[in-house]
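See below for protein04.cif, which holds mmCIF, C-alpha atoms and all ligand atoms.
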data_input
loop_
_atom_site.label_atom_id
_atom_site.label_comp_id
_atom_site.auth_asym_id
_atom_site.auth_seq_id
_atom_site.Cartn_x
_atom_site.Cartn_y
_atom_site.Cartn_z
CA MET A 1 0.00 0.00 0.00
CA LYS A 2 1.27 3.45 -0.84
CA LEU A 3 1.89 5.79 2.07
CA THR A 4 -0.86 8.19 1.00
CA THR A 5 -3.39 5.34 0.84
CA LYS A 6 -2.31 4.18 4.30
CA LEU A 7 -2.74 7.70 5.65
CA LEU A 8 -6.16 8.04 4.07
CA ALA A 9 -7.25 4.72 5.60
CA ALA A 10 -6.03 5.79 9.04
CA THR A 11 -7.82 9.11 8.73
CA ALA A 12 -11.03 7.34 7.81
CA ILE A 13 -10.82 5.12 10.91
CA VAL A 14 -10.16 8.03 13.24
CA GLY A 15 -12.87 10.05 11.53
CA ALA A 16 -15.44 7.34 12.06
CA GLY A 17 -14.73 7.33 15.81
CA ALA A 18 -14.78 11.03 16.44
CA ALA A 19 -15.24 13.90 14.07
CA HIS A 20 -13.61 16.20 16.63
CA ALA A 21 -11.56 14.26 19.17
CA THR A 22 -11.54 16.32 22.32
CA ASP A 23 -9.74 15.99 25.64
CA LEU A 24 -11.98 16.64 28.64
CA GLU A 25 -10.63 16.96 32.15
CA VAL A 26 -13.09 15.43 34.61
CA MET A 27 -12.70 16.10 38.35
CA HIS A 28 -14.10 13.77 41.01
CA TRP A 29 -13.27 12.32 44.44
CA TRP A 30 -13.42 8.64 43.53
CA THR A 31 -10.08 7.32 44.75
CA SER A 32 -10.78 4.15 46.78
CA GLY A 33 -10.26 0.79 45.03
CA GLY A 34 -13.95 0.32 44.26
CA GLU A 35 -14.41 3.95 43.22
CA ALA A 36 -11.37 3.93 40.90
CA ASN A 37 -12.69 0.77 39.28
CA ALA A 38 -16.09 2.40 38.73
CA VAL A 39 -14.71 5.64 37.28
CA SER A 40 -12.56 3.64 34.87
CA LYS A 41 -15.83 2.46 33.26
CA LEU A 42 -16.74 6.08 32.51
CA ALA A 43 -13.29 6.81 31.12
CA GLU A 44 -13.40 3.70 28.91
CA ALA A 45 -16.81 4.63 27.53
CA TRP A 46 -15.70 8.19 26.78
CA ASP A 47 -12.40 7.10 25.20
CA ALA A 48 -14.34 4.63 23.03
CA THR A 49 -16.05 7.61 21.34
CA GLY A 50 -12.62 8.71 20.11
CA ASN A 51 -12.38 11.51 22.67
CA LYS A 52 -10.10 11.43 25.71
CA TRP A 53 -10.87 11.35 29.42
CA ILE A 54 -8.29 13.29 31.42
CA ASP A 55 -8.73 12.04 34.93
CA GLY A 56 -8.76 14.67 37.68
CA ALA A 57 -9.15 12.53 40.81
CA ILE A 58 -8.78 14.31 44.16
CA ALA A 59 -8.02 12.18 47.22
CA GLY A 60 -9.45 12.87 50.67
CA GLY A 61 -13.20 12.74 50.05
CA GLY A 62 -15.84 15.21 48.90
CA ASP A 63 -15.19 17.80 51.60
CA THR A 64 -11.59 18.11 50.42
CA ALA A 65 -12.40 17.90 46.72
CA ARG A 66 -15.30 20.33 46.42
CA PRO A 67 -13.43 23.50 47.51
CA ILE A 68 -10.58 22.62 45.13
CA MET A 69 -13.05 22.25 42.25
CA VAL A 70 -14.79 25.50 43.15
CA SER A 71 -11.53 27.41 43.30
CA ARG A 72 -10.54 26.09 39.85
CA ILE A 73 -13.91 27.24 38.50
CA ILE A 74 -14.02 30.67 40.05
CA GLY A 75 -10.32 31.14 39.35
CA GLY A 76 -11.00 30.88 35.61
CA ASP A 77 -9.35 27.48 35.07
CA PRO A 78 -12.35 25.15 35.17
CA PRO A 79 -12.26 21.43 34.40
CA ALA A 80 -14.60 20.34 31.61
CA ALA A 81 -16.76 18.40 34.04
CA PHE A 82 -16.92 17.70 37.76
CA GLN A 83 -18.74 15.46 40.20
CA PHE A 84 -20.91 16.90 42.96
CA ASN A 85 -23.69 15.30 44.94
CA HIS A 86 -26.81 16.41 43.15
CA GLY A 87 -28.89 18.83 45.12
CA ARG A 88 -27.89 22.06 46.76
CA GLN A 89 -24.08 21.92 46.54
CA ALA A 90 -23.97 23.71 43.17
CA GLU A 91 -26.54 26.40 43.98
CA GLU A 92 -24.03 29.26 44.18
CA LEU A 93 -22.09 28.27 41.06
CA ILE A 94 -25.35 28.14 39.10
CA GLN A 95 -26.45 31.53 40.43
CA ALA A 96 -23.09 32.97 39.38
CA GLY A 97 -23.71 31.76 35.81
CA LEU A 98 -20.63 29.53 35.83
CA LEU A 99 -22.31 26.25 34.90
CA MET A 100 -23.62 25.17 31.52
CA ASP A 101 -27.33 24.88 30.86
CA LEU A 102 -27.91 21.30 29.70
CA THR A 103 -31.62 21.66 28.98
CA ASP A 104 -31.18 20.94 25.25
CA VAL A 105 -29.31 17.70 26.03
CA ALA A 106 -31.97 16.71 28.55
CA GLU A 107 -34.76 17.35 26.06
CA ALA A 108 -33.05 15.65 23.12
CA ASN A 109 -32.41 12.55 25.24
CA HIS A 110 -35.82 12.54 26.99
CA TRP A 111 -34.36 12.71 30.51
CA LYS A 112 -37.81 13.68 31.84
CA ASP A 113 -39.18 10.31 30.72
CA ILE A 114 -36.26 8.15 31.79
CA VAL A 115 -34.84 9.55 35.04
CA ASN A 116 -36.29 7.67 37.98
CA PRO A 117 -37.16 8.84 40.59
CA PRO A 118 -38.00 12.24 39.03
CA SER A 119 -36.59 13.98 42.13
CA LEU A 120 -33.10 13.29 40.71
CA LEU A 121 -33.76 15.47 37.69
CA ASP A 122 -35.53 18.03 39.88
CA ALA A 123 -32.34 18.19 41.96
CA CYS A 124 -30.46 19.17 38.77
CA THR A 125 -33.06 21.76 37.74
CA VAL A 126 -33.05 25.44 38.69
CA ASP A 127 -35.69 27.84 37.32
CA GLY A 128 -36.74 25.22 34.78
CA LYS A 129 -33.22 24.70 33.41
CA VAL A 130 -31.24 21.49 33.79
CA TYR A 131 -27.68 21.98 35.06
CA CYS A 132 -26.47 18.48 35.79
CA ALA A 133 -26.42 14.93 34.54
CA PRO A 134 -27.41 12.59 37.38
CA ILE A 135 -25.43 9.38 37.15
CA ASN A 136 -26.42 7.20 40.07
CA ILE A 137 -28.56 6.73 43.14
CA HIS A 138 -26.48 6.30 46.25
CA SER A 139 -28.07 5.88 49.60
CA TRP A 140 -26.49 6.45 52.97
CA GLN A 141 -28.99 4.24 54.77
CA TRP A 142 -26.96 1.06 55.24
CA MET A 143 -25.09 -0.91 57.85
CA TRP A 144 -22.49 -3.43 56.61
CA LEU A 145 -21.61 -6.35 58.90
CA SER A 146 -18.80 -8.91 58.93
CA ASP A 147 -19.89 -12.57 59.18
CA ALA A 148 -16.38 -13.55 60.31
CA ALA A 149 -16.35 -11.05 63.18
CA TYR A 150 -19.67 -12.26 64.59
CA ALA A 151 -18.65 -15.91 64.13
CA LYS A 152 -15.45 -15.24 66.07
CA ALA A 153 -17.41 -13.56 68.87
CA GLY A 154 -19.86 -16.48 68.95
CA VAL A 155 -23.01 -14.40 68.46
CA PRO A 156 -25.43 -14.27 65.55
CA VAL A 157 -25.08 -11.46 63.02
CA PRO A 158 -27.50 -8.72 64.19
CA THR A 159 -30.61 -7.97 62.16
CA ASN A 160 -31.26 -4.51 63.61
CA TRP A 161 -29.68 -1.72 65.65
CA GLU A 162 -30.98 -3.08 68.97
CA GLU A 163 -29.36 -6.48 68.37
CA PHE A 164 -26.21 -4.72 67.21
CA ALA A 165 -26.02 -2.76 70.47
CA ALA A 166 -26.85 -5.83 72.60
CA THR A 167 -24.09 -7.94 71.00
CA ALA A 168 -21.42 -5.21 70.99
CA PRO A 169 -19.94 -6.34 74.37
CA ALA A 170 -19.44 -9.89 73.01
CA LEU A 171 -17.42 -8.46 70.12
CA GLN A 172 -15.37 -6.28 72.44
CA ALA A 173 -14.64 -9.34 74.63
CA ALA A 174 -13.33 -11.08 71.49
CA GLY A 175 -11.02 -8.13 70.73
CA ILE A 176 -13.18 -6.82 67.88
CA THR A 177 -14.27 -3.18 67.52
CA PRO A 178 -18.06 -3.33 67.09
CA LEU A 179 -18.38 -0.19 64.96
CA ALA A 180 -15.78 0.98 62.44
CA MET A 181 -15.82 4.77 62.10
CA GLY A 182 -13.42 6.91 60.09
CA GLY A 183 -12.10 10.20 61.42
CA GLN A 184 -13.56 12.67 58.92
CA SER A 185 -16.51 14.73 60.07
CA TRP A 186 -18.80 13.81 57.14
CA GLN A 187 -18.62 10.18 58.18
CA GLN A 188 -19.81 10.86 61.73
CA ASN A 189 -22.57 13.25 60.69
CA GLY A 190 -23.59 10.86 57.92
CA ALA A 191 -23.89 7.96 60.36
CA PHE A 192 -25.98 10.14 62.67
CA GLY A 193 -28.35 10.91 59.79
CA VAL A 194 -28.77 7.19 59.13
CA MET A 195 -29.48 6.52 62.79
CA ALA A 196 -32.00 9.38 62.89
CA LEU A 197 -34.00 8.10 59.92
CA ALA A 198 -33.87 4.50 61.20
CA LEU A 199 -34.55 5.12 64.89
CA ALA A 200 -36.68 8.29 64.97
CA GLY A 201 -38.60 7.36 61.81
CA GLN A 202 -39.37 9.04 58.52
CA ASP A 203 -41.85 11.64 59.84
CA ALA A 204 -39.52 13.01 62.49
CA TRP A 205 -36.55 12.94 60.09
CA LEU A 206 -38.45 14.89 57.43
CA LYS A 207 -39.68 17.43 59.99
CA VAL A 208 -36.08 18.10 60.96
CA ASN A 209 -34.36 17.97 57.58
CA LYS A 210 -37.09 19.32 55.31
CA ASP A 211 -39.18 21.58 57.57
CA LYS A 212 -36.18 22.56 59.77
CA ASP A 213 -38.31 22.00 62.87
CA ALA A 214 -35.94 22.29 65.83
CA THR A 215 -38.60 21.30 68.37
CA VAL A 216 -38.51 17.79 66.89
CA VAL A 217 -34.74 17.68 67.49
CA MET A 218 -35.45 18.31 71.17
CA GLY A 219 -38.38 15.83 71.26
CA PRO A 220 -38.48 12.20 72.46
CA GLU A 221 -37.82 10.48 69.09
CA TYR A 222 -34.58 12.38 68.50
CA THR A 223 -33.55 12.05 72.16
CA LYS A 224 -33.37 8.29 71.55
CA VAL A 225 -31.14 8.90 68.54
CA PHE A 226 -28.67 11.13 70.39
CA GLU A 227 -28.41 8.49 73.14
CA ALA A 228 -27.82 5.73 70.59
CA PHE A 229 -25.19 7.94 68.92
CA GLY A 230 -23.46 8.25 72.31
CA ALA A 231 -23.42 4.45 72.54
CA ALA A 232 -22.07 4.25 68.98
CA ARG A 233 -19.15 6.45 70.06
CA GLU A 234 -18.27 3.88 72.73
CA PHE A 235 -18.61 1.00 70.25
CA SER A 236 -16.08 2.56 67.91
CA ALA A 237 -13.29 2.90 70.50
CA GLY A 238 -10.04 1.17 69.65
CA LEU A 239 -10.01 1.50 65.87
CA ASN A 240 -8.26 4.61 64.63
CA VAL A 241 -8.76 5.08 60.91
CA GLN A 242 -9.28 8.18 58.85
CA ASP A 243 -10.80 7.34 55.46
CA TRP A 244 -14.17 5.66 55.04
CA ASN A 245 -12.66 2.83 53.00
CA GLN A 246 -10.15 2.06 55.75
CA ALA A 247 -13.14 1.57 58.06
CA THR A 248 -14.74 -0.67 55.41
CA ALA A 249 -11.45 -2.61 55.19
CA ALA A 250 -11.71 -3.34 58.93
CA VAL A 251 -15.16 -4.88 58.34
CA ILE A 252 -13.79 -6.80 55.35
CA ASP A 253 -10.98 -8.32 57.40
CA GLY A 254 -13.16 -8.88 60.48
CA THR A 255 -11.27 -6.61 62.89
CA ALA A 256 -14.50 -4.60 63.14
CA GLY A 257 -18.05 -5.88 63.34
CA ALA A 258 -19.91 -3.29 61.29
CA GLN A 259 -19.88 0.09 59.60
CA ILE A 260 -22.67 2.56 58.95
CA MET A 261 -21.85 3.88 55.47
CA GLY A 262 -23.42 4.55 52.10
CA ASP A 263 -23.75 1.83 49.51
CA TRP A 264 -20.49 2.88 47.81
CA ALA A 265 -18.97 0.54 50.44
CA GLN A 266 -20.15 -2.34 48.26
CA GLY A 267 -17.49 -1.45 45.69
CA GLU A 268 -14.83 -2.24 48.34
CA PHE A 269 -16.35 -5.61 49.28
CA ALA A 270 -16.55 -6.47 45.59
CA MET A 271 -12.91 -5.54 44.93
CA ALA A 272 -11.90 -7.75 47.90
CA GLY A 273 -13.82 -10.66 46.36
CA LYS A 274 -16.34 -10.77 49.23
CA VAL A 275 -19.82 -12.14 48.71
CA ALA A 276 -22.98 -10.54 50.14
CA GLY A 277 -24.90 -13.01 52.30
CA THR A 278 -21.79 -15.15 52.91
CA ASP A 279 -18.91 -12.87 53.92
CA TYR A 280 -20.89 -9.77 54.74
CA GLU A 281 -24.45 -8.73 55.45
CA CYS A 282 -26.29 -5.49 54.81
CA LEU A 283 -29.10 -3.85 56.73
CA PRO A 284 -30.94 -1.01 54.98
CA GLY A 285 -32.24 1.42 57.58
CA LEU A 286 -30.21 -0.43 60.23
CA GLY A 287 -32.82 -3.17 60.01
CA ASP A 288 -35.31 -0.90 61.82
CA ALA A 289 -36.80 1.23 59.04
CA ALA A 290 -35.91 0.11 55.55
CA ILE A 291 -36.03 3.41 53.68
CA LEU A 292 -33.42 4.73 51.25
CA ASP A 293 -32.43 8.29 50.68
CA THR A 294 -32.03 8.91 46.98
CA GLY A 295 -28.83 10.90 47.02
CA GLY A 296 -25.99 10.30 44.65
CA ASP A 297 -23.67 11.86 42.16
CA ALA A 298 -24.14 14.11 39.20
CA PHE A 299 -21.80 15.75 36.73
CA TYR A 300 -21.82 19.49 36.17
CA PHE A 301 -20.12 21.22 33.25
CA PRO A 302 -18.53 24.67 33.63
CA VAL A 303 -19.32 27.17 30.88
CA ASN A 304 -16.62 27.13 28.21
CA SER A 305 -16.00 29.60 25.40
CA ASP A 306 -14.55 26.97 23.03
CA PRO A 307 -17.42 25.56 20.90
CA ALA A 308 -15.58 22.24 20.38
CA ILE A 309 -15.31 21.74 24.13
CA THR A 310 -18.92 22.79 24.66
CA ALA A 311 -20.05 20.21 22.10
CA ALA A 312 -17.91 17.52 23.73
CA GLN A 313 -19.26 18.42 27.19
CA LYS A 314 -22.79 17.89 25.91
CA GLU A 315 -21.79 14.62 24.25
CA LEU A 316 -20.33 13.40 27.56
CA ALA A 317 -23.44 14.47 29.49
CA ALA A 318 -25.62 12.39 27.16
CA LEU A 319 -23.25 9.42 27.31
CA LEU A 320 -23.34 9.29 31.12
CA LEU A 321 -27.06 8.51 31.07
CA SER A 322 -26.86 5.96 28.25
CA PRO A 323 -28.02 2.44 29.14
CA ALA A 324 -24.59 0.82 28.65
CA VAL A 325 -22.79 3.32 30.87
CA GLN A 326 -25.52 3.15 33.49
CA VAL A 327 -25.03 -0.61 33.75
CA SER A 328 -21.22 -0.74 33.66
CA PHE A 329 -20.67 2.16 36.06
CA ASN A 330 -23.36 1.38 38.62
CA SER A 331 -22.52 -2.34 38.75
CA ALA A 332 -18.97 -1.43 39.77
CA LYS A 333 -19.94 1.46 42.03
CA GLY A 334 -22.49 -0.28 44.26
CA SER A 335 -25.06 2.35 43.28
CA LEU A 336 -28.39 2.04 41.50
CA PRO A 337 -29.01 3.29 37.95
CA ILE A 338 -30.92 6.52 37.49
CA ARG A 339 -33.11 5.02 34.81
CA GLY A 340 -35.74 2.38 35.43
CA ASP A 341 -35.42 0.84 31.97
CA VAL A 342 -32.02 -0.84 32.40
CA ASP A 343 -31.22 -4.12 34.08
CA LEU A 344 -28.17 -4.51 36.26
CA THR A 345 -27.55 -7.96 34.82
CA THR A 346 -26.51 -9.83 37.94
CA VAL A 347 -27.09 -8.01 41.19
CA ASN A 348 -26.16 -9.30 44.61
CA GLU A 349 -28.69 -9.54 47.42
CA CYS A 350 -27.83 -6.13 48.88
CA THR A 351 -28.29 -4.30 45.59
CA GLN A 352 -31.51 -6.28 45.10
CA LYS A 353 -32.78 -5.03 48.49
CA GLY A 354 -32.03 -1.50 47.32
CA LEU A 355 -33.82 -2.00 43.99
CA ASP A 356 -36.86 -3.45 45.81
CA LEU A 357 -37.07 -0.45 48.16
CA LEU A 358 -36.78 1.91 45.20
CA ALA A 359 -39.54 0.05 43.32
CA ALA A 360 -41.76 0.15 46.43
CA GLY A 361 -41.25 3.92 46.69
CA LYS A 362 -39.66 3.60 50.15
CA VAL A 363 -37.48 6.63 49.60
CA VAL A 364 -36.77 10.08 51.01
CA PRO A 365 -34.72 12.89 49.45
CA ALA A 366 -31.05 13.05 50.41
CA GLY A 367 -29.76 15.44 53.06
CA THR A 368 -27.71 17.13 50.30
CA GLU A 369 -30.99 18.00 48.56
CA LEU A 370 -32.67 19.37 51.70
CA LEU A 371 -29.91 21.14 53.61
CA SER A 372 -27.62 23.88 52.34
CA PRO A 373 -23.89 23.10 52.17
CA ASP A 374 -23.42 25.63 54.98
CA THR A 375 -25.82 23.78 57.28
CA VAL A 376 -24.20 20.45 56.43
CA THR A 377 -20.78 21.88 57.32
CA GLN A 378 -22.06 23.13 60.68
CA LEU A 379 -23.56 19.74 61.47
CA ASN A 380 -20.38 17.95 60.37
CA ASP A 381 -18.32 20.15 62.69
CA LEU A 382 -20.66 19.57 65.62
CA MET A 383 -20.89 15.81 65.23
CA THR A 384 -17.13 15.38 64.91
CA GLU A 385 -16.60 17.51 68.02
CA PHE A 386 -18.97 15.23 69.89
CA TRP A 387 -17.26 12.13 68.51
CA SER A 388 -13.80 13.20 69.63
CA THR A 389 -14.82 14.73 72.98
CA PRO A 390 -15.77 11.93 75.36
CA THR A 391 -16.94 14.40 78.01
CA MET A 392 -19.52 15.97 75.70
CA THR A 393 -22.91 14.44 76.51
CA PRO A 394 -25.71 13.47 74.13
CA ALA A 395 -27.89 16.17 75.75
CA GLU A 396 -25.29 18.84 74.96
CA VAL A 397 -24.94 17.87 71.33
CA GLN A 398 -28.74 17.66 71.00
CA LYS A 399 -29.17 21.28 72.08
CA GLN A 400 -26.51 22.54 69.67
CA TYR A 401 -27.96 20.44 66.85
CA ALA A 402 -31.36 22.02 67.47
CA ASP A 403 -29.81 25.51 67.28
CA ILE A 404 -28.26 24.74 63.88
CA ILE A 405 -31.56 23.39 62.52
CA ALA A 406 -33.43 26.43 63.86
CA SER A 407 -31.24 28.75 61.81
CA ALA A 408 -31.05 26.53 58.69
CA THR A 409 -32.49 27.74 55.40
C1 LIG B 501 -20.45 10.02 46.81
C2 LIG B 501 -20.00 8.62 46.46
C3 LIG B 501 -18.63 8.35 47.01
C4 LIG B 501 -18.59 8.65 48.49
C5 LIG B 501 -17.26 8.38 49.17
C6 LIG B 501 -20.26 10.30 48.28
O1 LIG B 501 -20.50 11.64 48.52
O2 LIG B 501 -21.80 10.18 46.48
O3 LIG B 501 -20.01 8.43 45.06
O4 LIG B 501 -18.27 7.01 46.75
O5 LIG B 501 -18.92 10.01 48.68
O6 LIG B 501 -16.20 8.94 48.49
#

Rewritten as structure tokens:
Amino acid sequence: MKLTTKLLAATAIVGAGAAHATDLEVMHWWTSGGEANAVSKLAEAWDATGNKWIDGAIAGGGDTARPIMVSRIIGGDPPAAFQFNHGRQAEELIQAGLLMDLTDVAEANHWKDIVNPPSLLDACTVDGKVYCAPINIHSWQWMWLSDAAYAKAGVPVPTNWEEFAATAPALQAAGITPLAMGGQSWQQNGAFGVMALALAGQDAWLKVNKDKDATVVMGPEYTKVFEAFGAAREFSAGLNVQDWNQATAAVIDGTAGAQIMGDWAQGEFAMAGKVAGTDYECLPGLGDAAILDTGGDAFYFPVNSDPAITAAQKELAALLLSPAVQVSFNSAKGSLPIRGDVDLTTVNECTQKGLDLLAAGKVVPAGTELLSPDTVTQLNDLMTEFWSTPTMTPAEVQKQYADIIASAT
């Protein structure tokens, strides 16, 4: 073959893949083993279009990553796309006009008809315009338990919070930390939120988080929760870890009995080759009130003056909701797809429990949809202070929690 013919053939192949191959930098905080595996599915799908995924992973969790992303955006050096939890975290960036309006992509791809539950698209919508591409449903409302740890302690694996608390001394006697808790404030406040929904019930939880009713924080249902949270602090003594996935690793290797953490923990069990129902168990709503919050992740796209990049951003937004990407990403991530018309081919029993709750409508909005980032930060700070200050009583933290809710918007 002559050189020119070879070149023409190569051009044709490249051309078929991507008329305008574009590099897009995508920022996110998915750095644990399971998370990195899941994000690689997105990168592979994007690269397969002939474009290129430039990975902008930030270690240290969402609280570390989000300010870095915001400073890149307001500093005039935005990534092409970034992960946030859908809901109120992007409110200020949208108001400042820094994020792209994706309404045309949403309409062309019928997101209104496919996104389920509709609250996920609502959480991306401001003044009738769509600003994000929701990619998954993640719920916080889970406890993960180690079969090996309970076998070693000689007690059955608990099926609810009360059994968990009653068997905690048997684990401690066997040298096992009953509750694995990482050191970052979002983990402690997140676990409290799970306990509140499970132990105080949906009505009380919604009155606090949605209606911002501080009298409910001071009432009898929440009093129970603050006391249980005090007990949880005792149950976590002896295991000093920082990151959420280090706490999950302690459950995986049986040095801890359980962890209260969102369903992204499943990605870690999967990477370690652990099987739900054999090596580990899962209790939605701590086994007391099986309700999921429908939080999760969404991608936002900063405004860009380069039309080629703008077109590629829109192409990526559409791709993220495509059936194939929904299946490959969510299967690896431990999350549920945002569209009801795809099958996660083989789901384990924990994911199946989540899908059943979703189908039965046993859901509440996520805290990130109901509370402003400022309120969440105040609650994070308070709950971590309580966690690391053994002399601080449940009654003290309850009062301060009520004050924050009273002034929340
Ligand atoms: C995100 C998850 C992520 C988790 C831990 C959550 O805010 O929604 O996708 O796995 O943080 O990094």

field: Within 8 Å of ligand LIG 501 (chain B) (all atoms listed in the file), residues as a ChimeraX atom specification
entry: /A:29-32,35,61-62,84-85,138,244,262,264-265,295-297,333

field: Among listed residues A:Ala198, A:Ala270, A:Leu171, A:Val157, nearest A:Asn37 (using only C-alpha atoms)
entry: A:Ala270

query: Counting all atoms listed in the file, what is within 10 Å of A:Pro373, bar same-chain residues fewer than 6 positions away, as a PyMOL selection string?
result: chain A and resi 87-91+367+379

query: What does the distance between atom CA of A:Asn380 and atom CA of A:Thr248 come to in Å, to one decimal place?
result: 20.1 Å

Point-to-point distance from atom CA of A:Gly56 to atom CA of A:Ala272, Å rounded to tenths: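 So the answer is 24.8 Å.
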
- request: Check the smallest atom-to-atom distance from each of A:Ala196, A:Ala290, A:Ala165, A:Leu120 to A:Gly354 using only C-alpha atoms, then report the winner.
  value: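 Of A:Ala196, A:Ala290, A:Ala165, A:Leu120, the one nearest A:Gly354, counting only C-alpha atoms, is A:Ala290.
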
task: Return the single residue from A:Met195, A:Ala170, A:Leu206, A:Val39 that is closest to A:Val364, with distances computed using all atoms listed in the file.
output: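 For A:Val364, the nearest of the candidates is A:Leu206.
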
field: Selection near A:Glu349, 12 Å with all atoms listed in the file, sequence-local residues under 2 positions removed, as a list in words
entry: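 After dropping sequence-adjacent residues, the list is Gln266, Val275, Ala276, Gly277, Thr278, Tyr280, Glu281, Cys282, Leu283, Pro284, Gly334, Thr346, Val347, Thr351, Gln352, Lys353, Gly354, Leu355 and Asp356 of chain A.
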
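You can rank A:Thr22, A:Ala406, A:Lys210, A:Lys274 by their closest distance to A:Lys52 using all atoms listed in the file, and at the top of that list sits A:Thr22.
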
field: 12 Å contact set for stretch 304-311 of chain A, all atoms listed in the file, chain neighbours under 4 positions out, as a VMD selection string
entry: chain A and resid 18 to 25 51 to 52 73 76 to 81 97 to 102 104 to 105 315 to 318

Pull out stretch 340-355 of chain A, keep N, CA and C atoms, and write it as a CSV table (one decimal), in the first residue's frame.
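Listed below is the output, selection_26.csv:
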chain,number,residue,atom,x,y,z
A,340,GLY,N,-35.0,3.6,35.1
A,340,GLY,CA,-35.7,2.4,35.4
A,340,GLY,C,-35.7,1.4,34.3
A,341,ASP,N,-35.3,1.8,33.1
A,341,ASP,CA,-35.4,0.8,32.0
A,341,ASP,C,-34.1,0.1,31.7
A,342,VAL,N,-33.2,0.0,32.6
A,342,VAL,CA,-32.0,-0.8,32.4
A,342,VAL,C,-32.0,-1.9,33.5
A,343,ASP,N,-31.4,-3.0,33.1
A,343,ASP,CA,-31.2,-4.1,34.1
A,343,ASP,C,-29.8,-4.2,34.5
A,344,LEU,N,-29.5,-4.2,35.8
A,344,LEU,CA,-28.2,-4.5,36.3
A,344,LEU,C,-28.1,-6.0,36.2
A,345,THR,N,-27.4,-6.5,35.2
A,345,THR,CA,-27.6,-8.0,34.8
A,345,THR,C,-27.6,-8.9,36.0
A,346,THR,N,-26.5,-8.9,36.8
A,346,THR,CA,-26.5,-9.8,37.9
A,346,THR,C,-26.3,-9.0,39.2
A,347,VAL,N,-27.3,-8.8,40.0
A,347,VAL,CA,-27.1,-8.0,41.2
A,347,VAL,C,-27.0,-8.9,42.4
A,348,ASN,N,-26.2,-8.5,43.4
A,348,ASN,CA,-26.2,-9.3,44.6
A,348,ASN,C,-27.4,-9.0,45.5
A,349,GLU,N,-27.5,-9.7,46.6
A,349,GLU,CA,-28.7,-9.5,47.4
A,349,GLU,C,-28.8,-8.2,48.1
A,350,CYS,N,-27.7,-7.5,48.3
A,350,CYS,CA,-27.8,-6.1,48.9
A,350,CYS,C,-28.4,-5.1,47.8
A,351,THR,N,-27.8,-5.2,46.6
A,351,THR,CA,-28.3,-4.3,45.6
A,351,THR,C,-29.8,-4.6,45.3
A,352,GLN,N,-30.1,-5.9,45.3
A,352,GLN,CA,-31.5,-6.3,45.1
A,352,GLN,C,-32.4,-5.7,46.2
A,353,LYS,N,-32.0,-5.7,47.4
A,353,LYS,CA,-32.8,-5.0,48.5
A,353,LYS,C,-33.0,-3.6,48.2
A,354,GLY,N,-31.9,-2.9,47.7
A,354,GLY,CA,-32.0,-1.5,47.3
A,354,GLY,C,-33.0,-1.3,46.2
A,355,LEU,N,-32.9,-2.1,45.1
A,355,LEU,CA,-33.8,-2.0,44.0
A,355,LEU,C,-35.3,-2.2,44.4
